[in-house]
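Here's the structure we're looking at; comments come further down.
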Amino acid sequence: MDLLIISKRTAKAMEEKNRSLLKDIEKKGEVKIKLEDGQLEIEGEGGTSWIAGQVVKAIDFGFLPQIAYKLFKDDFFLEVIDLEIILSNDKAIERLKGRIIGEQGRAKKTLQDLTGAWIAISGNKIAVLGEFENLQLAKEGVLRLLEGAPHTGVYAYLERRNSERKYNLK
């Protein structure tokens, strides 16, 4: 059994439309979920409760359910970067989040387009969801931006890595 605390926004979404989102997760994940006061109790066999928990976390980060459901497949993963571990200053965290999002969301969209992974930013955390290689590439791009690398340099690096992967060069 796994216990998760989720945001009020996500808890409300899970309660809407006759709990259809919860029912979908239960069906796809072969688990039973109890929601009470923003806490989810997930019960399942083997690792099913952990995987369903990952799906709920992804939805809580802001990923669309159809993207989060990809985590039920064996080759999709979720990774979270906590900016509070890197920095304790709220102003610096906001600046770094701005580097990842970019003007009108263009940097985030470009990272997603170049890597094939999805990126969500919620609170002081950045979540990356995708197939293993795509997730690693997106994470590398995000970390380079967090370290202060110029956007154009990061994009060029990601394009080069994509070419290498395409032609199996390394």
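Following the order of the structure tokens, chains are lettered A, B, ..., residues in each are numbered from 1, and ligands are numbered from 1.
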Residues at most 10 Å from Ile93 of chain A, counting only C-alpha atoms, excluding those fewer than 2 positions away in the same chain, as a list in words?
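Listed by chain and then number, they are Asp82, Leu83, Glu84, Ile86, Leu87, Ser88, Asn89, Asp90, Lys91, Arg95, Leu96, Lys97, Gly98, Arg99, Gly123, Asn124, Lys125 and Leu146 of chain A.
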Go ahead and dump the residues you just picked, N, CA and C atoms, as a PDB file, in the first residue's frame.
```
ATOM      1  N   ASP A  82      14.303  18.827  -7.837  1.00  0.00           N
ATOM      2  CA  ASP A  82      13.840  19.739  -6.793  1.00  0.00           C
ATOM      3  C   ASP A  82      14.783  20.936  -6.737  1.00  0.00           C
ATOM      4  N   LEU A  83      14.282  22.098  -7.130  1.00  0.00           N
ATOM      5  CA  LEU A  83      15.123  23.296  -7.174  1.00  0.00           C
ATOM      6  C   LEU A  83      15.514  23.779  -5.780  1.00  0.00           C
ATOM      7  N   GLU A  84      14.745  23.423  -4.755  1.00  0.00           N
ATOM      8  CA  GLU A  84      15.086  23.831  -3.387  1.00  0.00           C
ATOM      9  C   GLU A  84      16.347  23.140  -2.892  1.00  0.00           C
ATOM     10  N   ILE A  86      18.909  22.661  -4.898  1.00  0.00           N
ATOM     11  CA  ILE A  86      19.973  23.403  -5.569  1.00  0.00           C
ATOM     12  C   ILE A  86      20.132  24.793  -4.959  1.00  0.00           C
ATOM     13  N   LEU A  87      19.012  25.455  -4.693  1.00  0.00           N
ATOM     14  CA  LEU A  87      19.010  26.829  -4.172  1.00  0.00           C
ATOM     15  C   LEU A  87      17.991  26.970  -3.046  1.00  0.00           C
ATOM     16  N   SER A  88      18.268  27.864  -2.128  1.00  0.00           N
ATOM     17  CA  SER A  88      17.290  28.115  -1.065  1.00  0.00           C
ATOM     18  C   SER A  88      16.634  29.487  -1.225  1.00  0.00           C
ATOM     19  N   ASN A  89      17.149  30.289  -2.126  1.00  0.00           N
ATOM     20  CA  ASN A  89      16.650  31.634  -2.354  1.00  0.00           C
ATOM     21  C   ASN A  89      15.470  31.602  -3.335  1.00  0.00           C
ATOM     22  N   ASP A  90      14.291  32.060  -2.905  1.00  0.00           N
ATOM     23  CA  ASP A  90      13.087  32.024  -3.748  1.00  0.00           C
ATOM     24  C   ASP A  90      13.258  32.809  -5.050  1.00  0.00           C
ATOM     25  N   LYS A  91      13.940  33.933  -4.984  1.00  0.00           N
ATOM     26  CA  LYS A  91      14.141  34.755  -6.176  1.00  0.00           C
ATOM     27  C   LYS A  91      14.999  34.015  -7.211  1.00  0.00           C
ATOM     28  N   ARG A  95      13.999  32.634 -11.007  1.00  0.00           N
ATOM     29  CA  ARG A  95      14.826  32.944 -12.183  1.00  0.00           C
ATOM     30  C   ARG A  95      15.153  31.663 -12.952  1.00  0.00           C
ATOM     31  N   LEU A  96      15.502  30.596 -12.226  1.00  0.00           N
ATOM     32  CA  LEU A  96      15.827  29.334 -12.885  1.00  0.00           C
ATOM     33  C   LEU A  96      14.596  28.723 -13.554  1.00  0.00           C
ATOM     34  N   LYS A  97      13.458  28.803 -12.886  1.00  0.00           N
ATOM     35  CA  LYS A  97      12.229  28.303 -13.512  1.00  0.00           C
ATOM     36  C   LYS A  97      11.952  29.074 -14.798  1.00  0.00           C
ATOM     37  N   GLY A  98      12.211  30.371 -14.776  1.00  0.00           N
ATOM     38  CA  GLY A  98      12.033  31.203 -15.964  1.00  0.00           C
ATOM     39  C   GLY A  98      12.960  30.788 -17.095  1.00  0.00           C
ATOM     40  N   ARG A  99      14.173  30.348 -16.771  1.00  0.00           N
ATOM     41  CA  ARG A  99      15.106  29.869 -17.805  1.00  0.00           C
ATOM     42  C   ARG A  99      14.587  28.613 -18.475  1.00  0.00           C
ATOM     43  N   GLY A 123       5.375  24.363  -8.550  1.00  0.00           N
ATOM     44  CA  GLY A 123       6.039  24.812  -7.332  1.00  0.00           C
ATOM     45  C   GLY A 123       7.510  25.013  -7.597  1.00  0.00           C
ATOM     46  N   ASN A 124       8.332  24.394  -6.791  1.00  0.00           N
ATOM     47  CA  ASN A 124       9.782  24.511  -6.942  1.00  0.00           C
ATOM     48  C   ASN A 124      10.395  23.242  -7.529  1.00  0.00           C
ATOM     49  N   LYS A 125       9.589  22.503  -8.287  1.00  0.00           N
ATOM     50  CA  LYS A 125      10.060  21.246  -8.861  1.00  0.00           C
ATOM     51  C   LYS A 125       9.840  21.229 -10.368  1.00  0.00           C
ATOM     52  N   LEU A 146      19.929  25.101 -16.072  1.00  0.00           N
ATOM     53  CA  LEU A 146      19.995  25.471 -14.658  1.00  0.00           C
ATOM     54  C   LEU A 146      21.408  25.906 -14.267  1.00  0.00           C
TER      55      LEU A 146
END
```
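Taking only segment 23-70 of chain A, the residues that DSSP calls alpha helix (DSSP H) from the backbone come to Lys23, Asp24, Ile25, Glu26, Lys27, Lys28, Gly29, Thr48, Ser49, Trp50, Ile51, Ala52, Gly53, Gln54, Val55, Val56, Lys57, Ala58, Ile59, Asp60, Phe61, Pro65, Gln66, Ile67 and Ala68 of chain A.
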List the neighbours of Trp118 of chain A out to 8 Å using only C-alpha atoms; skip same-chain residues closer than 6 positions along the sequence, and give me the result as an MDAnalysis selection string.
chainID A and resid 112 128:130
Just want the 12 Å neighbourhood of Asp37 of chain A, counted on only C-alpha atoms, with same-chain residues fewer than 3 positions away dropped. Output as a ChimeraX atom specification.
/A:4-12,14-15,34,40-41
Take the residues from that selection and put them in a file with N, CA and C atoms, as a tab-separated table (two decimals), in the first residue's frame.
```
chain	number	residue	atom	x	y	z
A	4	LEU	N	-0.09	8.81	-0.68
A	4	LEU	CA	0.37	10.01	-1.37
A	4	LEU	C	-0.45	11.21	-0.89
A	5	ILE	N	0.22	12.33	-0.73
A	5	ILE	CA	-0.48	13.58	-0.46
A	5	ILE	C	-0.45	14.36	-1.76
A	6	ILE	N	-1.62	14.79	-2.22
A	6	ILE	CA	-1.72	15.51	-3.48
A	6	ILE	C	-2.28	16.90	-3.24
A	7	SER	N	-2.09	17.77	-4.22
A	7	SER	CA	-2.58	19.14	-4.10
A	7	SER	C	-4.10	19.17	-4.12
A	8	LYS	N	-4.66	20.24	-3.58
A	8	LYS	CA	-6.12	20.40	-3.58
A	8	LYS	C	-6.67	20.42	-5.00
A	9	ARG	N	-5.91	21.04	-5.90
A	9	ARG	CA	-6.32	21.10	-7.31
A	9	ARG	C	-6.46	19.70	-7.90
A	10	THR	N	-5.47	18.85	-7.64
A	10	THR	CA	-5.52	17.49	-8.17
A	10	THR	C	-6.61	16.67	-7.49
A	11	ALA	N	-6.76	16.84	-6.19
A	11	ALA	CA	-7.81	16.11	-5.46
A	11	ALA	C	-9.19	16.47	-6.03
A	12	LYS	N	-9.38	17.76	-6.32
A	12	LYS	CA	-10.66	18.20	-6.89
A	12	LYS	C	-10.87	17.58	-8.28
A	14	MET	N	-9.67	14.82	-9.35
A	14	MET	CA	-9.93	13.38	-9.18
A	14	MET	C	-11.37	13.11	-8.75
A	15	GLU	N	-11.96	14.07	-8.05
A	15	GLU	CA	-13.34	13.91	-7.56
A	15	GLU	C	-14.37	14.25	-8.64
A	34	LYS	N	-8.25	4.95	-2.60
A	34	LYS	CA	-9.14	5.64	-1.68
A	34	LYS	C	-8.64	7.07	-1.54
A	40	LEU	N	-4.18	10.09	-0.87
A	40	LEU	CA	-4.54	8.91	-1.66
A	40	LEU	C	-3.93	7.68	-1.01
A	41	GLU	N	-4.74	6.67	-0.89
A	41	GLU	CA	-4.25	5.37	-0.43
A	41	GLU	C	-4.40	4.43	-1.62
```
Identify, on the basis of only C-alpha atoms, every residue whose closest approach to segment 26-30 of chain A does not exceed 12 Å; exclude the query and any residue fewer than 2 positions from it along the same chain; express the result as an MDAnalysis selection string.
chainID A and resid 14 19:24 32:35 40:56 65:66 68:73
Let me make sure I understand: among A:Glu79, A:Pro150, A:Val31, A:Lys166, which one has the smallest atom-to-atom distance to Ala138 of chain A if we use only C-alpha atoms?
A:Glu79
Shell of 7 Å around segment 153-155 of chain A, only C-alpha atoms, local chain residues under 4 positions omitted, as a VMD selection string:
chain A and resid 141 144 149 159
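The shortest atom-to-atom distance to Ile67 of chain A, with only C-alpha atoms taken into account, belongs to A:Ile119 out of A:Phe132, A:Ile119, A:Leu114, A:Lys108.
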Report as a ChimeraX atom specification: the residues of segment 11-156 of chain A with a DSSP assignment of strand (DSSP E or B), based on the backbone of this structure.
/A:31-36,39-44,76-82,118-122,125-131
Take the residues from that selection and write them out as an mmCIF file, in the first residue's frame, keeping N, CA and C atoms.
```cif
data_model
loop_
_atom_site.group_PDB
_atom_site.id
_atom_site.type_symbol
_atom_site.label_atom_id
_atom_site.label_comp_id
_atom_site.auth_asym_id
_atom_site.auth_seq_id
_atom_site.Cartn_x
_atom_site.Cartn_y
_atom_site.Cartn_z
ATOM 1 N N VAL A 31 -5.328 -1.346 -9.577
ATOM 2 C CA VAL A 31 -5.193 -0.996 -8.163
ATOM 3 C C VAL A 31 -6.532 -0.519 -7.625
ATOM 4 N N LYS A 32 -6.609 -0.364 -6.327
ATOM 5 C CA LYS A 32 -7.750 0.249 -5.652
ATOM 6 C C LYS A 32 -7.246 1.525 -4.998
ATOM 7 N N ILE A 33 -8.005 2.616 -5.188
ATOM 8 C CA ILE A 33 -7.585 3.910 -4.655
ATOM 9 C C ILE A 33 -8.677 4.473 -3.759
ATOM 10 N N LYS A 34 -8.250 4.954 -2.598
ATOM 11 C CA LYS A 34 -9.142 5.642 -1.678
ATOM 12 C C LYS A 34 -8.639 7.070 -1.541
ATOM 13 N N LEU A 35 -9.514 8.049 -1.761
ATOM 14 C CA LEU A 35 -9.150 9.460 -1.664
ATOM 15 C C LEU A 35 -9.901 10.075 -0.500
ATOM 16 N N GLU A 36 -9.136 10.675 0.422
ATOM 17 C CA GLU A 36 -9.747 11.309 1.581
ATOM 18 C C GLU A 36 -8.875 12.468 2.030
ATOM 19 N N GLN A 39 -5.450 12.991 0.569
ATOM 20 C CA GLN A 39 -4.536 11.861 0.690
ATOM 21 C C GLN A 39 -5.077 10.694 -0.116
ATOM 22 N N LEU A 40 -4.181 10.088 -0.869
ATOM 23 C CA LEU A 40 -4.542 8.906 -1.655
ATOM 24 C C LEU A 40 -3.927 7.679 -1.009
ATOM 25 N N GLU A 41 -4.736 6.670 -0.893
ATOM 26 C CA GLU A 41 -4.252 5.370 -0.433
ATOM 27 C C GLU A 41 -4.396 4.429 -1.618
ATOM 28 N N ILE A 42 -3.267 3.896 -2.073
ATOM 29 C CA ILE A 42 -3.266 3.046 -3.261
ATOM 30 C C ILE A 42 -2.867 1.628 -2.861
ATOM 31 N N GLU A 43 -3.718 0.674 -3.207
ATOM 32 C CA GLU A 43 -3.432 -0.726 -2.913
ATOM 33 C C GLU A 43 -3.383 -1.522 -4.204
ATOM 34 N N GLY A 44 -2.351 -2.361 -4.318
ATOM 35 C CA GLY A 44 -2.211 -3.199 -5.495
ATOM 36 C C GLY A 44 -1.175 -4.279 -5.279
ATOM 37 N N PHE A 76 8.474 3.956 -19.968
ATOM 38 C CA PHE A 76 8.310 5.370 -19.637
ATOM 39 C C PHE A 76 8.602 5.592 -18.158
ATOM 40 N N PHE A 77 9.236 6.728 -17.870
ATOM 41 C CA PHE A 77 9.678 7.026 -16.515
ATOM 42 C C PHE A 77 9.381 8.480 -16.172
ATOM 43 N N LEU A 78 9.352 8.761 -14.870
ATOM 44 C CA LEU A 78 9.156 10.116 -14.344
ATOM 45 C C LEU A 78 10.340 10.450 -13.460
ATOM 46 N N GLU A 79 10.921 11.605 -13.683
ATOM 47 C CA GLU A 79 12.017 12.056 -12.837
ATOM 48 C C GLU A 79 11.737 13.489 -12.408
ATOM 49 N N VAL A 80 12.076 13.800 -11.156
ATOM 50 C CA VAL A 80 11.779 15.109 -10.587
ATOM 51 C C VAL A 80 13.073 15.773 -10.129
ATOM 52 N N ILE A 81 13.229 17.041 -10.498
ATOM 53 C CA ILE A 81 14.365 17.847 -10.058
ATOM 54 C C ILE A 81 13.817 18.867 -9.074
ATOM 55 N N ASP A 82 14.303 18.827 -7.837
ATOM 56 C CA ASP A 82 13.840 19.739 -6.793
ATOM 57 C C ASP A 82 14.783 20.936 -6.737
ATOM 58 N N TRP A 118 8.371 15.056 -22.054
ATOM 59 C CA TRP A 118 7.478 16.119 -21.593
ATOM 60 C C TRP A 118 8.043 16.714 -20.314
ATOM 61 N N ILE A 119 7.849 18.020 -20.154
ATOM 62 C CA ILE A 119 8.364 18.733 -18.987
ATOM 63 C C ILE A 119 7.208 19.492 -18.341
ATOM 64 N N ALA A 120 7.135 19.404 -17.007
ATOM 65 C CA ALA A 120 6.139 20.160 -16.244
ATOM 66 C C ALA A 120 6.850 20.835 -15.078
ATOM 67 N N ILE A 121 6.405 22.030 -14.748
ATOM 68 C CA ILE A 121 6.986 22.772 -13.635
ATOM 69 C C ILE A 121 5.866 23.084 -12.666
ATOM 70 N N SER A 122 6.064 22.659 -11.431
ATOM 71 C CA SER A 122 5.050 22.866 -10.403
ATOM 72 C C SER A 122 5.743 23.228 -9.099
ATOM 73 N N LYS A 125 9.589 22.503 -8.287
ATOM 74 C CA LYS A 125 10.060 21.246 -8.861
ATOM 75 C C LYS A 125 9.840 21.229 -10.368
ATOM 76 N N ILE A 126 10.747 20.540 -11.041
ATOM 77 C CA ILE A 126 10.643 20.331 -12.484
ATOM 78 C C ILE A 126 10.529 18.825 -12.690
ATOM 79 N N ALA A 127 9.474 18.406 -13.373
ATOM 80 C CA ALA A 127 9.262 16.985 -13.639
ATOM 81 C C ALA A 127 9.480 16.722 -15.119
ATOM 82 N N VAL A 128 10.134 15.608 -15.405
ATOM 83 C CA VAL A 128 10.388 15.187 -16.778
ATOM 84 C C VAL A 128 9.820 13.781 -16.936
ATOM 85 N N LEU A 129 9.038 13.569 -17.986
ATOM 86 C CA LEU A 129 8.401 12.283 -18.241
ATOM 87 C C LEU A 129 8.721 11.862 -19.667
ATOM 88 N N GLY A 130 9.149 10.621 -19.824
ATOM 89 C CA GLY A 130 9.426 10.140 -21.173
ATOM 90 C C GLY A 130 10.071 8.779 -21.168
ATOM 91 N N GLU A 131 10.356 8.288 -22.376
ATOM 92 C CA GLU A 131 11.117 7.059 -22.505
ATOM 93 C C GLU A 131 12.524 7.334 -21.976
#
```
